[in-house]
file query.cif (mmCIF, C-alpha atoms)
data_start
#
loop_
_atom_site.label_atom_id
_atom_site.label_comp_id
_atom_site.auth_asym_id
_atom_site.auth_seq_id
_atom_site.Cartn_x
_atom_site.Cartn_y
_atom_site.Cartn_z
CA MET L 1 -143.38 114.27 90.98
CA ARG L 2 -144.12 114.88 94.63
CA THR L 3 -143.33 118.39 95.94
CA ILE L 4 -142.50 118.83 99.64
CA GLU L 5 -141.93 122.29 101.15
CA LEU L 6 -139.62 122.36 104.16
CA THR L 7 -138.50 124.91 106.73
CA TYR L 8 -135.79 124.43 109.33
CA PRO L 9 -136.25 122.34 111.39
CA HIS L 10 -138.36 119.99 109.28
CA THR L 11 -140.49 117.29 110.91
CA LEU L 12 -140.12 114.47 108.37
CA VAL L 13 -139.33 111.08 109.93
CA LEU L 14 -136.20 109.46 108.51
CA GLU L 15 -137.60 105.92 108.70
CA GLU L 16 -140.61 106.94 106.62
CA LEU L 17 -138.54 108.41 103.76
CA PRO L 18 -137.34 106.38 100.77
CA GLU L 19 -133.63 106.10 100.04
CA THR L 20 -132.94 108.69 97.35
CA VAL L 21 -130.30 110.03 95.02
CA CYS L 22 -130.54 113.81 95.12
CA ALA L 23 -129.35 116.78 93.04
CA ILE L 24 -128.89 119.97 95.06
CA GLY L 25 -128.71 123.61 93.99
CA PHE L 26 -130.75 126.75 93.44
CA PHE L 27 -131.14 125.86 89.74
CA ASP L 28 -132.58 129.15 88.46
CA GLY L 29 -133.31 128.58 84.79
CA ILE L 30 -132.62 124.82 84.91
CA HIS L 31 -130.09 125.53 82.16
CA ARG L 32 -127.90 122.96 80.42
CA GLY L 33 -125.38 122.96 83.27
CA HIS L 34 -128.15 122.36 85.84
CA GLN L 35 -129.64 119.66 83.63
CA GLN L 36 -126.37 117.74 83.75
CA VAL L 37 -126.45 117.78 87.57
CA ILE L 38 -130.10 116.71 87.69
CA GLN L 39 -129.82 114.07 84.95
CA THR L 40 -126.83 112.52 86.74
CA ALA L 41 -128.97 112.14 89.87
CA VAL L 42 -131.93 110.69 87.93
CA ASP L 43 -129.68 108.16 86.14
CA GLU L 44 -127.88 107.18 89.35
CA ALA L 45 -131.22 106.70 91.11
CA GLU L 46 -132.34 104.36 88.35
CA ASN L 47 -129.06 102.41 88.60
CA ARG L 48 -129.53 102.01 92.36
CA ASN L 49 -133.27 101.33 92.11
CA MET L 50 -133.95 104.36 94.34
CA GLU L 51 -136.11 107.46 94.03
CA SER L 52 -134.59 110.58 92.46
CA ALA L 53 -134.90 113.92 94.23
CA VAL L 54 -133.98 117.57 93.80
CA ILE L 55 -133.34 119.97 96.66
CA THR L 56 -133.81 123.62 95.80
CA PHE L 57 -134.35 126.78 97.83
CA HIS L 58 -136.79 129.69 97.92
CA PRO L 59 -136.43 132.63 97.98
CA HIS L 60 -132.99 133.28 96.51
CA PRO L 61 -130.37 133.59 99.31
CA SER L 62 -129.62 137.20 98.29
CA VAL L 63 -133.10 138.24 99.50
CA VAL L 64 -132.11 137.14 103.02
CA LEU L 65 -128.38 137.85 103.03
CA LYS L 66 -128.30 141.24 101.27
CA LYS L 67 -130.37 143.89 103.03
CA GLU L 68 -130.73 145.98 99.86
CA THR L 69 -132.36 143.08 97.94
CA GLU L 70 -136.10 143.06 98.62
CA HIS L 71 -137.05 140.54 95.98
CA VAL L 72 -135.53 138.67 93.08
CA GLN L 73 -136.98 137.90 89.69
CA TYR L 74 -136.33 134.42 88.39
CA ILE L 75 -135.57 132.98 84.96
CA THR L 76 -137.78 130.09 86.05
CA PRO L 77 -140.45 131.03 88.60
CA MET L 78 -141.33 128.04 90.81
CA LYS L 79 -144.22 126.87 88.60
CA GLU L 80 -141.96 126.66 85.54
CA LYS L 81 -139.15 125.12 87.60
CA GLN L 82 -141.48 122.35 88.77
CA GLU L 83 -142.66 121.69 85.21
CA LEU L 84 -139.11 121.35 83.92
CA LEU L 85 -138.12 119.02 86.77
CA GLN L 86 -141.16 116.86 86.05
CA LYS L 87 -140.02 116.57 82.42
CA LEU L 88 -136.60 115.42 83.66
CA HIS L 89 -138.36 112.55 85.50
CA VAL L 90 -137.52 113.70 89.03
CA ASP L 91 -139.55 111.73 91.59
CA ARG L 92 -139.60 114.23 94.45
CA LEU L 93 -138.81 117.91 94.89
CA TYR L 94 -137.80 119.37 98.23
CA ILE L 95 -138.22 123.17 98.38
CA ILE L 96 -136.34 124.46 101.42
CA LYS L 97 -137.31 127.91 102.67
CA PHE L 98 -134.19 130.05 102.77
CA ASN L 99 -134.36 132.31 105.84
CA GLN L 100 -132.01 133.76 108.46
CA GLU L 101 -132.17 130.62 110.58
CA LEU L 102 -131.15 128.42 107.66
CA SER L 103 -128.34 130.81 106.69
CA GLN L 104 -126.82 130.44 110.19
CA LEU L 105 -126.63 126.62 110.12
CA SER L 106 -123.14 125.15 110.20
CA PRO L 107 -122.21 122.94 107.25
CA GLN L 108 -122.44 119.88 109.52
CA ALA L 109 -125.88 120.83 110.85
CA PHE L 110 -127.12 121.42 107.30
CA ILE L 111 -125.84 118.03 106.08
CA ASP L 112 -127.15 116.18 109.15
CA HIS L 113 -130.61 117.71 108.84
CA PHE L 114 -131.23 118.04 105.10
CA ILE L 115 -129.08 115.30 103.54
CA ILE L 116 -128.61 112.49 106.06
CA GLY L 117 -131.94 113.45 107.69
CA LEU L 118 -133.81 113.07 104.38
CA ASN L 119 -132.39 109.59 103.76
CA ILE L 120 -130.28 110.76 100.81
CA LYS L 121 -127.74 108.07 99.95
CA HIS L 122 -126.01 109.82 97.06
CA LEU L 123 -125.76 113.56 96.50
CA VAL L 124 -125.00 115.28 93.18
CA GLY L 125 -123.87 118.91 93.16
CA GLY L 126 -122.23 121.35 90.80
CA PHE L 127 -118.53 122.17 91.27
CA ASP L 128 -119.46 125.58 92.74
CA TYR L 129 -122.26 124.47 95.11
CA SER L 130 -121.70 125.57 98.72
CA PHE L 131 -123.71 125.08 101.91
CA GLY L 132 -123.76 126.05 105.55
CA HIS L 133 -123.01 129.39 107.21
CA LYS L 134 -121.14 131.71 104.82
CA GLY L 135 -120.83 128.84 102.33
CA GLN L 136 -118.17 127.14 104.45
CA GLY L 137 -119.20 123.72 103.13
CA ASN L 138 -118.69 122.85 99.48
CA MET L 139 -118.27 119.91 97.12
CA GLY L 140 -114.50 120.00 97.81
CA ASN L 141 -114.79 119.42 101.57
CA ILE L 142 -118.14 117.59 101.74
CA LYS L 143 -116.43 114.33 102.76
CA GLU L 144 -115.70 115.92 106.16
CA PHE L 145 -119.44 116.31 106.81
CA ALA L 146 -120.84 113.13 105.18
CA ARG L 147 -120.07 110.91 108.22
CA GLY L 148 -119.85 108.00 105.77
CA GLN L 149 -123.65 108.12 105.42
CA PHE L 150 -123.80 109.01 101.73
CA SER L 151 -121.62 109.14 98.63
CA TYR L 152 -121.50 112.06 96.23
CA THR L 153 -120.68 113.18 92.69
CA THR L 154 -119.38 116.61 91.68
CA ILE L 155 -120.31 117.88 88.21
CA ASP L 156 -117.76 120.11 86.50
CA LYS L 157 -118.78 123.35 84.81
CA VAL L 158 -120.52 123.10 81.44
CA ILE L 159 -118.94 125.34 78.81
CA SER L 160 -120.37 127.03 75.74
CA ASN L 161 -118.20 129.25 73.51
CA ASP L 162 -115.33 129.05 76.04
CA GLU L 163 -117.50 130.42 78.84
CA LYS L 164 -119.32 128.73 81.70
CA ILE L 165 -123.08 128.37 81.25
CA SER L 166 -124.57 130.20 84.25
CA SER L 167 -127.78 131.86 85.34
CA THR L 168 -125.90 135.19 85.50
CA ARG L 169 -124.78 134.85 81.87
CA ILE L 170 -128.33 134.01 80.77
CA ARG L 171 -129.77 136.98 82.69
CA LYS L 172 -127.39 139.34 80.87
CA LEU L 173 -128.45 137.90 77.51
CA LEU L 174 -132.14 138.40 78.36
CA GLN L 175 -131.50 141.99 79.46
CA SER L 176 -129.98 142.58 76.00
CA GLY L 177 -132.89 140.93 74.17
CA LEU L 178 -130.68 138.02 73.04
CA VAL L 179 -133.40 135.47 73.68
CA GLU L 180 -132.28 132.96 71.06
CA GLU L 181 -128.81 132.70 72.60
CA ALA L 182 -130.31 132.54 76.11
CA ASN L 183 -132.62 129.72 75.00
CA ARG L 184 -129.66 127.84 73.53
CA LEU L 185 -127.87 127.96 76.89
CA LEU L 186 -131.07 127.09 78.75
CA GLY L 187 -131.74 124.11 76.50
CA HIS L 188 -135.42 125.14 76.42
CA PRO L 189 -137.35 128.34 75.61
CA LEU L 190 -137.73 131.03 78.28
CA LYS L 191 -141.30 130.56 79.49
CA PHE L 192 -143.63 131.95 82.11
CA SER L 193 -147.34 132.19 82.71
CA GLY L 194 -149.87 134.95 83.28
CA ILE L 195 -153.59 135.53 83.68
CA VAL L 196 -155.40 137.42 80.91
CA ILE L 197 -156.84 140.68 82.27
CA LYS L 198 -158.82 143.52 80.67
CA GLY L 199 -156.67 146.17 79.04
CA ALA L 200 -157.48 149.36 77.15
CA GLN L 201 -158.73 147.19 74.22
CA ARG L 202 -156.90 149.36 71.68
CA GLY L 203 -155.57 146.30 69.90
CA ARG L 204 -159.06 145.17 68.98
CA LYS L 205 -159.79 148.56 67.41
CA LEU L 206 -156.52 148.39 65.48
CA GLY L 207 -157.36 144.94 64.10
CA TYR L 208 -154.84 143.20 66.34
CA PRO L 209 -156.58 142.06 69.54
CA THR L 210 -154.13 141.35 72.34
CA ALA L 211 -154.27 139.35 75.55
CA ASN L 212 -152.99 141.56 78.38
CA LEU L 213 -151.15 139.38 80.86
CA GLU L 214 -150.90 139.82 84.60
CA LEU L 215 -147.63 138.07 85.29
CA GLN L 216 -146.17 136.49 88.37
CA PRO L 217 -144.15 139.34 89.91
CA GLU L 218 -141.17 137.00 90.30
CA ALA L 219 -140.89 136.32 86.54
CA LEU L 220 -137.79 137.85 84.93
CA LEU L 221 -138.90 139.74 81.81
CA PRO L 222 -136.52 140.02 78.87
CA LYS L 223 -135.63 143.45 77.43
CA PRO L 224 -138.69 145.57 76.45
CA GLY L 225 -139.60 145.28 72.79
CA ILE L 226 -141.46 143.15 70.27
CA TYR L 227 -140.96 139.37 70.26
CA ALA L 228 -141.86 136.23 68.35
CA VAL L 229 -143.59 133.98 70.90
CA CYS L 230 -145.49 130.74 71.25
CA VAL L 231 -148.53 130.70 73.50
CA ILE L 232 -149.62 127.52 75.26
CA PHE L 233 -153.28 127.35 76.22
CA LYS L 234 -155.04 124.15 77.26
CA SER L 235 -152.17 122.05 75.89
CA GLN L 236 -152.43 123.71 72.45
CA VAL L 237 -149.49 125.71 71.05
CA TYR L 238 -150.15 128.88 69.04
CA GLU L 239 -147.70 131.20 67.31
CA GLY L 240 -147.93 134.90 67.96
CA MET L 241 -146.21 138.18 68.72
CA ALA L 242 -145.79 139.91 72.04
CA SER L 243 -144.96 143.37 73.26
CA ILE L 244 -143.19 144.24 76.50
CA GLY L 245 -143.36 147.96 77.11
CA THR L 246 -145.32 151.08 77.97
CA ASN L 247 -147.35 151.63 74.77
CA PRO L 248 -145.66 155.00 74.12
CA THR L 249 -147.86 155.81 71.09
CA PHE L 250 -150.86 156.11 73.44
CA THR L 251 -149.43 156.47 76.96
CA ALA L 252 -146.34 158.67 76.78
CA ASP L 253 -145.97 159.13 80.54
CA ARG L 254 -146.44 155.49 81.56
CA LYS L 255 -143.59 153.90 83.57
CA ASP L 256 -144.75 150.36 84.41
CA LEU L 257 -144.33 147.64 81.79
CA SER L 258 -147.23 145.73 80.28
CA VAL L 259 -147.08 142.41 78.45
CA GLU L 260 -149.51 141.99 75.55
CA VAL L 261 -149.75 139.00 73.24
CA ASN L 262 -151.41 138.80 69.82
CA ILE L 263 -152.12 135.13 69.03
CA PHE L 264 -152.13 134.43 65.31
CA ASP L 265 -155.36 133.01 63.87
CA TYR L 266 -157.15 132.96 67.23
CA SER L 267 -160.21 135.00 68.17
CA ASN L 268 -161.85 133.43 71.27
CA ASP L 269 -162.32 135.34 74.53
CA LEU L 270 -159.49 134.57 76.97
CA TYR L 271 -160.31 136.84 79.94
CA GLY L 272 -159.44 135.14 83.22
CA GLU L 273 -157.57 132.31 81.51
CA GLU L 274 -153.97 131.37 82.23
CA LEU L 275 -151.56 131.42 79.29
CA GLN L 276 -147.95 130.29 79.13
CA VAL L 277 -145.72 132.31 76.85
CA GLU L 278 -142.50 130.99 75.29
CA TRP L 279 -140.12 133.73 74.15
CA HIS L 280 -138.31 132.83 70.92
CA LYS L 281 -136.86 135.91 69.19
CA TYR L 282 -136.42 139.62 69.79
CA ILE L 283 -137.76 141.49 66.73
CA ARG L 284 -137.33 145.20 67.45
CA GLU L 285 -137.48 147.95 70.05
CA GLU L 286 -140.80 149.42 71.10
CA GLU L 287 -141.38 152.71 69.25
CA LYS L 288 -143.59 155.78 69.56
CA PHE L 289 -145.52 156.32 66.33
CA ASP L 290 -147.06 159.57 65.08
CA SER L 291 -150.39 157.92 64.34
CA ALA L 292 -152.38 154.72 64.86
CA GLU L 293 -152.07 154.07 61.10
CA ALA L 294 -148.27 154.12 61.27
CA LEU L 295 -148.39 151.74 64.23
CA VAL L 296 -150.68 149.32 62.35
CA ALA L 297 -148.36 149.36 59.33
CA GLN L 298 -145.46 148.38 61.58
CA ILE L 299 -147.50 145.66 63.32
CA GLU L 300 -148.38 144.19 59.91
CA LEU L 301 -144.68 144.07 59.08
CA ASP L 302 -143.91 142.48 62.48
CA GLU L 303 -146.53 139.80 61.86
CA LYS L 304 -145.09 139.03 58.42
CA ASN L 305 -141.55 138.77 59.82
CA ILE L 306 -142.61 136.59 62.74
CA ARG L 307 -144.67 134.22 60.60
CA SER L 308 -141.64 133.87 58.29
CA TYR L 309 -139.41 133.20 61.32
CA PHE L 310 -141.59 130.34 62.54
CA THR L 311 -141.94 128.89 59.01
CA GLU L 312 -138.16 128.89 58.56
CA LYS L 313 -137.68 127.42 62.06
CA VAL L 314 -139.71 124.35 61.12
#
call {"tool": "encode", "arguments": {"input": "query.cif", "output": "C-alpha cells"}}
result
Amino acid sequence: MRTIELTYPHTLVLEELPETVCAIGFFDGIHRGHQQVIQTAVDEAENRNMESAVITFHPHPSVVLKKETEHVQYITPMKEKQELLQKLHVDRLYIIKFNQELSQLSPQAFIDHFIIGLNIKHLVGGFDYSFGHKGQGNMGNIKEFARGQFSYTTIDKVISNDEKISSTRIRKLLQSGLVEEANRLLGHPLKFSGIVIKGAQRGRKLGYPTANLELQPEALLPKPGIYAVCVIFKSQVYEGMASIGTNPTFTADRKDLSVEVNIFDYSNDLYGEELQVEWHKYIREEEKFDSAEALVAQIELDEKNIRSYFTEKV
C-alpha cells in the first residue's frame, strides 16, 4: 500500500494518477461498519480493474473546529490504521491534513480538488459522511457536485444489537472496560504499540518482570485495570497480562497512568524494542494492597485466570 500525505492545495498532477475507486471517511477504529465501506471500494476497484484507495484525515476535525479540543486520542492511531488498511488490500492511502483552510472549502471545491482532482472514478462513503464547509455536502446531495465525473455508492449503517456500530459507541465500551464487546464491534482486537522503557523494576523483584511501555500519546487507552493481552514482537505472538494504572501499592500519590506488560514464559531483555499490544479482556480493577506479598498473591491469581481465558478461547 502506498501512503500519500496531502495538504490543501495538493500538487499531484491528475494525468499522472491512476483511475481509482476510493472509500472516504475518518475511519477511527476501522470497525465493522468502516470495513463495509472500504471492502466495497476494494471489490469495486477489482471489478473495474482499477486501483483501490482510501481517503482519511488527520488530525480529527474536532481539534481544528472546537477550540477547547487540543488533541484527540484515537482507537486506531495512524500506524495501526495503516496496518489494518493494508490487510484489507487497499492499494493507496491518501491522508489529508485537516486544518482551518480545509474546513473552509466549499463542498464543490473539496470535490473538485480531492475527488475529481485525484482521478477518483467511483467514490464509496457511509450514509453519514459529509464534506465541505460546515458539512454542507453529503452522500445525499453529492450528485450536485460530481459534475458527472465520477459515480458513487452510499453504504447504509451497520447494526449490532439494534444499535449502529460507531466509533463513539466503541469508545464508551472501552471507557467501561468492555474490551471484548468493543473488539466484537471492531471486528479485530484493540491494538497499539509502544517502546519498552526502564521502569522502577519492581516487577522483577516480585517475580513478575514487566515491560514498561511508552505509548503514542494519541492512543486511546481502555479503562485502567488489569487485562488479558497478546503481545506481538518480531512477528511472534505471546500471551500475557497488562496493567493500566498508577501502581497505588507503591506510588499512592501518582496521577499519570503507566502501561506495564508481563509476557508469559518470556525472559529476554526488551529495552528499546517496540511491542504491539492487543487488548482482549478486562480482568479486574487496579487495587492498593497492604503488602507486596498480598499483591503477588493477586498477580498469581490473575495469571491463572488469564491463562485459563486464553486456553478456553482456543
call {"tool": "resolve_selection", "arguments": {"input": "query.cif", "expression": "the PyMOL selection byres ((chain L and resi 153) around 6)", "output": "list in words"}}
result
Val124, Tyr152 and Thr154 of chain L
call {"tool": "residues_around", "arguments": {"input": "query.cif", "residues": "stretch 258-272 of chain L", "least_positions_apart": "5", "cutoff": "7 Å", "atoms": "only C-alpha atoms", "output": "PDB file with C-alpha atoms, in the frame of the given file"}}
result
ATOM      1  CA  ILE L 195    -153.590 135.530  83.680  1.00  0.00           C
ATOM      2  CA  VAL L 196    -155.400 137.420  80.910  1.00  0.00           C
ATOM      3  CA  ILE L 197    -156.840 140.680  82.270  1.00  0.00           C
ATOM      4  CA  LYS L 198    -158.820 143.520  80.670  1.00  0.00           C
ATOM      5  CA  TYR L 208    -154.840 143.200  66.340  1.00  0.00           C
ATOM      6  CA  PRO L 209    -156.580 142.060  69.540  1.00  0.00           C
ATOM      7  CA  THR L 210    -154.130 141.350  72.340  1.00  0.00           C
ATOM      8  CA  ALA L 211    -154.270 139.350  75.550  1.00  0.00           C
ATOM      9  CA  ASN L 212    -152.990 141.560  78.380  1.00  0.00           C
ATOM     10  CA  LEU L 213    -151.150 139.380  80.860  1.00  0.00           C
ATOM     11  CA  TYR L 238    -150.150 128.880  69.040  1.00  0.00           C
ATOM     12  CA  GLU L 239    -147.700 131.200  67.310  1.00  0.00           C
ATOM     13  CA  GLY L 240    -147.930 134.900  67.960  1.00  0.00           C
ATOM     14  CA  MET L 241    -146.210 138.180  68.720  1.00  0.00           C
ATOM     15  CA  ALA L 242    -145.790 139.910  72.040  1.00  0.00           C
ATOM     16  CA  SER L 243    -144.960 143.370  73.260  1.00  0.00           C
ATOM     17  CA  ILE L 244    -143.190 144.240  76.500  1.00  0.00           C
ATOM     18  CA  GLY L 245    -143.360 147.960  77.110  1.00  0.00           C
ATOM     19  CA  THR L 246    -145.320 151.080  77.970  1.00  0.00           C
TER      20      THR L 246
END
call {"tool": "resolve_selection", "arguments": {"input": "query.cif", "expression": "the PyMOL selection byres ((chain L and resi 128) around 10)", "output": "PDB file with C-alpha atoms, in the frame of the given file"}}
result
ATOM      1  CA  GLY L  25    -128.710 123.610  93.990  1.00  0.00           C
ATOM      2  CA  GLY L 125    -123.870 118.910  93.160  1.00  0.00           C
ATOM      3  CA  GLY L 126    -122.230 121.350  90.800  1.00  0.00           C
ATOM      4  CA  PHE L 127    -118.530 122.170  91.270  1.00  0.00           C
ATOM      5  CA  TYR L 129    -122.260 124.470  95.110  1.00  0.00           C
ATOM      6  CA  SER L 130    -121.700 125.570  98.720  1.00  0.00           C
ATOM      7  CA  ASN L 138    -118.690 122.850  99.480  1.00  0.00           C
ATOM      8  CA  MET L 139    -118.270 119.910  97.120  1.00  0.00           C
ATOM      9  CA  GLY L 140    -114.500 120.000  97.810  1.00  0.00           C
ATOM     10  CA  THR L 154    -119.380 116.610  91.680  1.00  0.00           C
ATOM     11  CA  ILE L 155    -120.310 117.880  88.210  1.00  0.00           C
ATOM     12  CA  ASP L 156    -117.760 120.110  86.500  1.00  0.00           C
ATOM     13  CA  LYS L 157    -118.780 123.350  84.810  1.00  0.00           C
TER      14      LYS L 157
END
call {"tool": "closest_residue", "arguments": {"input": "query.cif", "among": "L:Glu144, L:Glu218, L:Glu180, L:Glu274", "to": "L:Gly194", "atoms": "all atoms listed in the file"}}
result
L:Glu274
call {"tool": "closest_residue", "arguments": {"input": "query.cif", "among": "L:Ile232, L:Ala45, L:Leu185, L:Leu14", "to": "L:Asn161", "atoms": "all atoms listed in the file"}}
result
L:Leu185
call {"tool": "build_atoms", "arguments": {"input": "query.cif", "residues": "stretch 224-238 of chain L", "atoms": "N, CA, C and O atoms", "output": "compact mmCIF listing (two decimals), keeping the file's coordinate frame"}}
result
# COMPACT_ATOMS: atom_id res chain seq x y z
N PRO L 224 -137.47 145.08 77.12
CA PRO L 224 -138.69 145.57 76.45
C PRO L 224 -138.52 145.59 74.93
O PRO L 224 -137.43 145.84 74.41
N GLY L 225 -139.62 145.30 74.24
CA GLY L 225 -139.60 145.28 72.79
C GLY L 225 -140.65 144.34 72.24
O GLY L 225 -141.55 143.89 72.97
N ILE L 226 -140.53 144.03 70.96
CA ILE L 226 -141.46 143.15 70.27
C ILE L 226 -140.79 141.80 70.05
O ILE L 226 -139.62 141.74 69.62
N TYR L 227 -141.53 140.72 70.30
CA TYR L 227 -140.96 139.37 70.26
C TYR L 227 -141.83 138.41 69.45
O TYR L 227 -143.06 138.55 69.40
N ALA L 228 -141.17 137.41 68.88
CA ALA L 228 -141.86 136.23 68.35
C ALA L 228 -142.05 135.27 69.53
O ALA L 228 -141.08 134.95 70.24
N VAL L 229 -143.29 134.84 69.74
CA VAL L 229 -143.59 133.98 70.90
C VAL L 229 -144.46 132.80 70.47
O VAL L 229 -145.09 132.82 69.41
N CYS L 230 -144.47 131.80 71.32
CA CYS L 230 -145.49 130.74 71.25
C CYS L 230 -146.32 130.83 72.51
O CYS L 230 -145.79 131.11 73.61
N VAL L 231 -147.61 130.64 72.36
CA VAL L 231 -148.53 130.70 73.50
C VAL L 231 -149.13 129.31 73.70
O VAL L 231 -149.61 128.69 72.76
N ILE L 232 -149.05 128.83 74.94
CA ILE L 232 -149.62 127.52 75.26
C ILE L 232 -150.88 127.74 76.07
O ILE L 232 -150.85 128.39 77.12
N PHE L 233 -151.99 127.22 75.54
CA PHE L 233 -153.28 127.35 76.22
C PHE L 233 -154.03 126.03 76.08
O PHE L 233 -154.25 125.55 74.98
N LYS L 234 -154.34 125.44 77.24
CA LYS L 234 -155.04 124.15 77.26
C LYS L 234 -154.34 123.12 76.38
O LYS L 234 -154.95 122.46 75.54
N SER L 235 -153.02 123.04 76.56
CA SER L 235 -152.17 122.05 75.89
C SER L 235 -152.01 122.29 74.38
O SER L 235 -151.36 121.51 73.69
N GLN L 236 -152.61 123.36 73.86
CA GLN L 236 -152.43 123.71 72.45
C GLN L 236 -151.37 124.80 72.33
O GLN L 236 -151.30 125.69 73.17
N VAL L 237 -150.56 124.72 71.26
CA VAL L 237 -149.49 125.71 71.05
C VAL L 237 -149.85 126.60 69.87
O VAL L 237 -150.17 126.09 68.78
N TYR L 238 -149.83 127.90 70.08
CA TYR L 238 -150.15 128.88 69.04
C TYR L 238 -148.97 129.81 68.83
O TYR L 238 -148.29 130.19 69.80
